[in-house]
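Peer 1: File upload24.csv follows (CSV, C-alpha atoms):
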```csv
chain,number,residue,atom,x,y,z
A,7,MET,CA,94.0,120.2,71.9
A,8,ALA,CA,95.3,118.6,75.1
A,9,ASN,CA,96.8,115.2,75.3
A,10,LYS,CA,96.7,112.8,78.2
A,11,ILE,CA,99.9,112.1,80.2
A,12,LEU,CA,100.0,109.1,82.5
A,13,ILE,CA,101.8,109.7,85.7
A,14,PRO,CA,103.5,106.8,87.5
A,15,THR,CA,102.9,106.1,91.2
A,16,PRO,CA,106.0,107.9,92.7
A,17,LEU,CA,105.2,111.2,90.8
A,18,ARG,CA,101.5,111.5,91.5
A,19,ALA,CA,102.2,113.4,94.7
A,20,TYR,CA,103.8,116.1,92.6
A,21,ALA,CA,100.9,116.2,90.0
A,22,GLY,CA,98.0,117.0,92.3
A,23,LYS,CA,97.7,113.3,93.3
A,24,GLN,CA,96.4,112.5,89.8
A,25,ASP,CA,97.3,109.5,87.7
A,26,VAL,CA,96.5,111.3,84.5
A,27,VAL,CA,97.1,115.0,83.6
A,28,GLU,CA,96.5,116.9,80.4
A,29,ALA,CA,98.8,119.2,78.6
A,30,GLU,CA,99.1,120.8,75.1
A,31,GLY,CA,102.0,120.7,72.8
A,32,GLY,CA,103.0,119.8,69.3
A,33,THR,CA,105.9,117.7,70.4
A,34,VAL,CA,106.8,115.5,73.4
A,35,GLY,CA,109.2,118.2,74.6
A,36,GLU,CA,106.5,121.0,74.4
A,37,LEU,CA,104.0,118.8,76.1
A,38,LEU,CA,106.3,118.0,79.0
A,39,ALA,CA,107.4,121.7,79.3
A,40,ASN,CA,103.7,122.7,79.6
A,41,MET,CA,103.1,120.0,82.1
A,42,THR,CA,106.0,121.0,84.3
A,43,ALA,CA,105.0,124.7,84.0
A,44,GLU,CA,101.7,123.7,85.7
A,45,TYR,CA,103.3,121.1,88.1
A,46,ALA,CA,106.7,122.6,88.8
A,47,ASP,CA,107.6,120.0,91.5
A,48,LEU,CA,107.8,117.3,88.8
A,49,ARG,CA,110.7,119.0,87.1
A,50,ASN,CA,113.4,118.0,89.6
A,51,HIS,CA,112.5,114.3,89.3
A,52,LEU,CA,112.3,114.3,85.5
A,53,TYR,CA,115.1,116.5,84.4
A,54,THR,CA,118.8,116.9,85.4
A,55,GLU,CA,120.1,120.3,86.5
A,56,ASP,CA,121.2,121.0,82.9
A,57,GLY,CA,117.6,120.4,81.7
A,58,LYS,CA,118.1,116.9,80.1
A,59,LEU,CA,115.6,114.1,80.8
A,60,ARG,CA,117.1,111.8,83.5
A,61,ASN,CA,118.3,108.6,81.9
A,62,PHE,CA,116.0,106.4,84.0
A,63,VAL,CA,112.9,108.4,83.0
A,64,ASN,CA,111.3,106.7,80.0
A,65,ILE,CA,108.7,108.6,77.9
A,66,TYR,CA,106.4,106.6,75.7
A,67,VAL,CA,104.0,107.9,73.0
A,68,ASN,CA,101.3,105.3,73.1
A,69,ASP,CA,103.4,102.1,73.1
A,70,ASP,CA,106.7,103.5,71.7
A,71,ASP,CA,109.7,104.7,73.6
A,72,ILE,CA,110.6,108.2,72.3
A,73,ARG,CA,114.3,107.2,72.2
A,74,TYR,CA,113.5,105.1,69.1
A,75,LEU,CA,111.3,107.9,67.6
A,76,GLU,CA,112.5,111.5,67.5
A,77,LYS,CA,113.2,111.8,71.2
A,78,GLU,CA,111.7,115.1,72.6
A,79,GLN,CA,111.1,116.3,69.1
A,80,THR,CA,108.6,113.4,68.5
A,81,PRO,CA,105.4,115.0,67.2
A,82,ILE,CA,102.2,114.5,69.1
A,83,LYS,CA,98.9,113.9,67.3
A,84,PRO,CA,95.4,114.4,68.8
A,85,GLY,CA,94.5,111.4,70.8
A,86,ASP,CA,98.1,110.2,71.5
A,87,THR,CA,98.7,109.2,75.1
A,88,VAL,CA,102.1,110.0,76.6
A,89,SER,CA,103.3,107.8,79.5
A,90,ILE,CA,106.1,108.5,82.0
A,91,ILE,CA,107.5,105.1,82.9
A,92,PRO,CA,110.3,104.7,85.5
A,93,SER,CA,113.2,102.4,85.0
A,94,VAL,CA,114.0,101.4,88.6
A,95,ALA,CA,117.7,100.8,89.0
A,96,GLY,CA,120.4,100.6,91.6
A,97,GLY,CA,123.1,98.4,92.9
A,98,GLY,CA,125.5,97.6,95.7
A,99,ARG,CA,128.7,99.4,94.6
A,100,ALA,CA,129.1,103.0,93.4
B,6,MET,CA,113.2,113.9,111.5
B,7,ALA,CA,112.4,110.3,112.2
B,8,LEU,CA,110.4,108.5,109.5
B,9,PRO,CA,107.4,106.4,110.4
B,10,THR,CA,107.8,102.6,110.6
B,11,LEU,CA,107.4,100.5,107.5
B,12,VAL,CA,105.4,97.4,108.4
B,13,ILE,CA,106.3,94.3,106.3
B,14,ARG,CA,104.1,91.2,106.3
B,15,ALA,CA,106.4,88.3,107.5
B,16,ASP,CA,105.8,86.3,104.3
B,17,ALA,CA,106.7,89.2,102.1
B,18,GLU,CA,109.9,89.7,104.1
B,19,MET,CA,110.7,86.0,103.7
B,20,GLY,CA,110.1,86.3,100.0
B,21,ILE,CA,112.6,89.1,99.7
B,22,ARG,CA,115.2,87.1,101.6
B,23,ARG,CA,114.5,83.9,99.6
B,24,HIS,CA,114.9,85.8,96.3
B,25,GLY,CA,118.2,87.3,97.6
B,26,ARG,CA,119.5,83.9,98.4
B,27,GLU,CA,118.4,82.4,95.1
B,28,ALA,CA,119.9,85.2,93.0
B,29,TYR,CA,123.2,85.2,94.8
B,30,PRO,CA,125.9,86.1,93.7
B,31,HIS,CA,123.7,88.4,91.5
B,32,GLU,CA,121.4,91.1,92.7
B,33,CYS,CA,117.7,90.3,92.8
B,34,CYS,CA,114.9,92.9,92.5
B,35,GLY,CA,111.2,93.1,92.8
B,36,ALA,CA,108.2,95.3,93.6
B,37,LEU,CA,106.5,95.9,96.9
B,38,PHE,CA,102.7,96.1,97.1
B,39,GLY,CA,100.6,97.4,100.0
B,40,ARG,CA,99.3,100.7,101.2
B,41,ASP,CA,100.9,103.6,102.9
B,42,GLN,CA,103.4,102.2,105.4
B,43,LEU,CA,102.3,98.5,105.0
B,44,VAL,CA,103.9,96.0,102.6
B,45,THR,CA,101.7,93.0,102.0
B,46,GLU,CA,103.4,91.3,99.1
B,47,ALA,CA,106.9,91.2,97.5
B,48,PHE,CA,106.7,90.6,93.7
B,49,ALA,CA,109.9,89.2,92.1
B,50,LEU,CA,110.9,90.8,88.9
B,51,PRO,CA,113.8,90.0,86.4
B,52,ASN,CA,117.0,91.8,86.9
B,53,ALA,CA,117.5,93.2,83.3
B,54,THR,CA,120.8,95.1,83.9
B,55,GLY,CA,123.4,94.9,81.2
B,56,GLU,CA,126.1,96.3,83.5
B,57,GLY,CA,126.9,93.2,85.6
B,58,ALA,CA,124.2,91.7,87.8
B,59,ARG,CA,126.7,91.2,90.7
B,60,ARG,CA,126.5,94.9,91.5
B,61,ARG,CA,123.6,96.3,89.5
B,62,PHE,CA,119.9,95.8,89.0
B,63,LEU,CA,117.5,97.2,86.5
B,64,VAL,CA,113.7,96.9,86.3
B,65,ARG,CA,112.7,97.5,82.7
B,66,PRO,CA,109.8,99.8,81.8
B,67,ALA,CA,107.7,96.8,80.7
B,68,ASP,CA,108.2,95.1,84.0
B,69,TYR,CA,107.5,98.3,85.8
B,70,ARG,CA,104.2,98.6,84.0
B,71,ALA,CA,103.4,94.9,84.8
B,72,ALA,CA,104.0,95.7,88.5
B,73,GLU,CA,101.6,98.7,88.4
B,74,ARG,CA,99.0,96.5,86.7
B,75,ARG,CA,99.5,93.7,89.2
B,76,ALA,CA,99.1,96.2,92.1
B,77,ILE,CA,95.7,97.3,90.7
B,78,GLU,CA,94.6,93.7,90.2
B,79,LEU,CA,95.4,93.0,93.9
B,80,GLY,CA,93.5,96.2,95.0
B,81,GLU,CA,96.8,97.4,96.4
B,82,GLU,CA,99.3,100.2,95.6
B,83,LEU,CA,102.9,100.0,94.4
B,84,VAL,CA,104.6,101.2,97.5
B,85,GLY,CA,108.3,100.5,96.6
B,86,PHE,CA,110.9,98.2,95.3
B,87,TYR,CA,113.4,95.8,96.9
B,88,HIS,CA,116.9,94.6,95.8
B,89,SER,CA,119.8,92.7,97.2
B,90,HIS,CA,123.4,93.7,97.9
B,91,PRO,CA,125.5,90.6,97.5
B,92,ASP,CA,128.5,90.7,99.9
B,93,HIS,CA,127.8,94.3,100.5
B,94,PRO,CA,126.1,96.2,103.3
B,95,ALA,CA,122.3,96.9,103.2
B,96,ARG,CA,122.9,100.6,102.7
B,97,PRO,CA,122.1,102.5,99.5
B,98,SER,CA,125.0,103.3,97.2
B,99,ARG,CA,125.7,106.5,95.3
B,100,TYR,CA,124.3,104.7,92.3
B,101,ASP,CA,121.1,103.8,94.1
B,102,LEU,CA,120.8,107.5,95.1
B,103,ASP,CA,121.3,108.7,91.5
B,104,HIS,CA,118.6,106.5,90.2
B,105,ALA,CA,116.0,106.7,93.0
B,106,TRP,CA,112.4,107.8,92.7
B,107,PRO,CA,110.6,109.8,95.4
B,108,VAL,CA,107.9,108.4,97.6
B,109,PHE,CA,108.8,104.7,97.1
B,110,ALA,CA,110.2,102.6,99.9
B,111,TYR,CA,113.6,101.1,98.8
B,112,VAL,CA,114.1,97.9,100.7
B,113,ILE,CA,117.7,96.4,100.6
B,114,VAL,CA,118.7,93.0,101.8
B,115,SER,CA,122.4,92.3,102.3
B,116,VAL,CA,123.3,88.7,101.2
B,117,GLU,CA,126.7,87.6,102.6
B,118,GLY,CA,128.1,84.4,101.1
B,119,GLY,CA,124.6,83.4,100.0
B,120,ASN,CA,122.9,84.0,103.3
B,121,PRO,CA,120.5,87.0,103.6
B,122,VAL,CA,121.3,89.0,106.7
B,123,ALA,CA,120.5,92.7,107.3
B,124,LEU,CA,117.3,94.1,105.8
B,125,THR,CA,116.7,97.8,105.7
B,126,SER,CA,114.4,100.4,104.1
B,127,TRP,CA,115.1,103.8,102.8
B,128,ARG,CA,113.3,106.9,101.4
B,129,LEU,CA,114.7,109.5,99.0
B,130,ARG,CA,114.7,113.0,100.4
B,131,GLU,CA,112.6,115.6,98.6
B,132,ASP,CA,115.7,117.4,97.3
B,133,ARG,CA,117.2,114.1,96.1
B,134,SER,CA,120.3,114.8,98.2
B,135,ALA,CA,120.3,111.6,100.3
B,136,PHE,CA,118.3,108.6,101.5
B,137,ASP,CA,116.9,108.4,105.0
B,138,GLU,CA,116.5,105.0,106.7
B,139,GLU,CA,113.0,104.2,108.1
B,140,PRO,CA,112.4,101.7,110.9
B,141,ILE,CA,111.0,98.2,109.9
B,142,ALA,CA,108.5,96.1,111.8
B,143,LEU,CA,107.4,92.6,110.8
B,144,GLU,CA,103.8,91.5,111.0
B,145,SER,CA,102.6,87.9,110.5
B,146,HIS,CA,99.0,87.1,109.3
B,147,GLY,CA,98.4,85.4,112.6
B,148,GLU,CA,99.4,88.4,114.7
B,149,ASN,CA,97.2,90.6,112.6
B,150,GLU,CA,94.2,88.3,113.0
B,151,LYS,CA,94.9,88.1,116.7
B,152,GLN,CA,95.1,91.9,117.1
B,153,THR,CA,91.9,92.2,115.1
B,154,GLU,CA,90.2,89.6,117.4
B,155,GLU,CA,91.4,91.5,120.5
B,156,ARG,CA,90.1,94.8,119.1
B,157,ARG,CA,86.7,93.1,118.5
B,158,GLU,CA,86.6,91.8,122.0
B,159,GLU,CA,87.5,95.3,123.4
B,160,THR,CA,84.8,97.1,121.3
B,161,GLY,CA,82.2,94.3,121.6
B,162,GLU,CA,81.9,93.9,117.8
B,163,ALA,CA,80.8,90.6,116.4
```
Please rewrite the model in this file as structure tokens.
Peer 2:
Amino acid sequence: MANKILIPTPLRAYAGKQDVVEAEGGTVGELLANMTAEYADLRNHLYTEDGKLRNFVNIYVNDDDIRYLEKEQTPIKPGDTVSIIPSVAGGGRA
Amino acid sequence: MALPTLVIRADAEMGIRRHGREAYPHECCGALFGRDQLVTEAFALPNATGEGARRRFLVRPADYRAAERRAIELGEELVGFYHSHPDHPARPSRYDLDHAWPVFAYVIVSVEGGNPVALTSWRLREDRSAFDEEPIALESHGENEKQTEERREETGEA
């Protein structure tokens, strides 16, 4: 059964201009893999070249950050909502 | 390729400069609301960095969510973010590039010795290789109303 994934404003252009998409998967990792299989342009903004989630990309299952759960192995239940939430960061000196 | 002009309401631009001055010598940050190439409001957010606020800023996920909610409440869209560069040029750093999101306008105000000076806006390239600067124009409410009035006179609308 598909779960909802909430897409933040800057990524909607890469997800068919939608703020919510649906994907299937037993874990967060599987869900995101299935989502980026359908919306391939999202991949570059979510993952580094070696396939790791960028560190300013936060993935929440309902209200919980997956860093404090089982990361990408976090299981997904029917009805769970996954959110992609940006950390916006920067600064003056390299 | 030249980017289109980002129009910033004068009071939003003043808000960014004021926040930059108040936060000095630390970096300030906030969200920009509006639509397409127009910024109507600058919304100050806490700088949550743990890496030294004189040269870094961080908008936490909770504050990001609050900004998206606020944009919806205003009937606007989240069009970008601003931050200050204390005693540093208003140009994006490598760190800015590494952490940038596509689509958003990144407005940077340089604050020299506590005084806000240059204000610039940047967009991340599609391939994440660099930022491109976009031109900025300021618009006051008065000017907008005047232009609307002039258009009404021209078209004969009431």
Peer 1: Give me the residues within 12 Å of B:Pro121 as number ranges by chain, counting all atoms listed in the file and dropping any in the same chain fewer than 2 places off.
Peer 2: B: 18-30, 32-33, 88-95, 113-119, 123-125
Peer 1: Distance atom CA of B:Cys34-atom CA of B:Phe48, one decimal place?
Peer 2: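 According to the coordinates, atom CA of B:Cys34 and atom CA of B:Phe48 are separated by 8.6 Å.
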Peer 1: Choose the residue, out of B:Val84, B:Ala142, B:Ala135, B:Ala7, that has the smallest atom-to-atom separation from chain A; count only C-alpha atoms.
Peer 2: B:Val84
Peer 1: Using all atoms listed in the file, determine which residues of chain B fall within 6 Å of chain A; present them as JSON, numbers by chain.
Peer 2: {"B": [60, 61, 62, 63, 64, 65, 66, 90, 98, 99, 100, 101, 104, 107, 108]}
Peer 1: Using only C-alpha atoms, can you tell me which of A:Thr54, A:Thr87, A:Glu78, A:Asp70 comes closest to A:Ala39?
Peer 2: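 Closest to A:Ala39 of all the choices is A:Glu78.
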Peer 1: Using atom CA of B:Glu46 and atom CA of B:Leu143 as the two end points, give the distance in Å to one decimal.
Peer 2: 12.4 Å
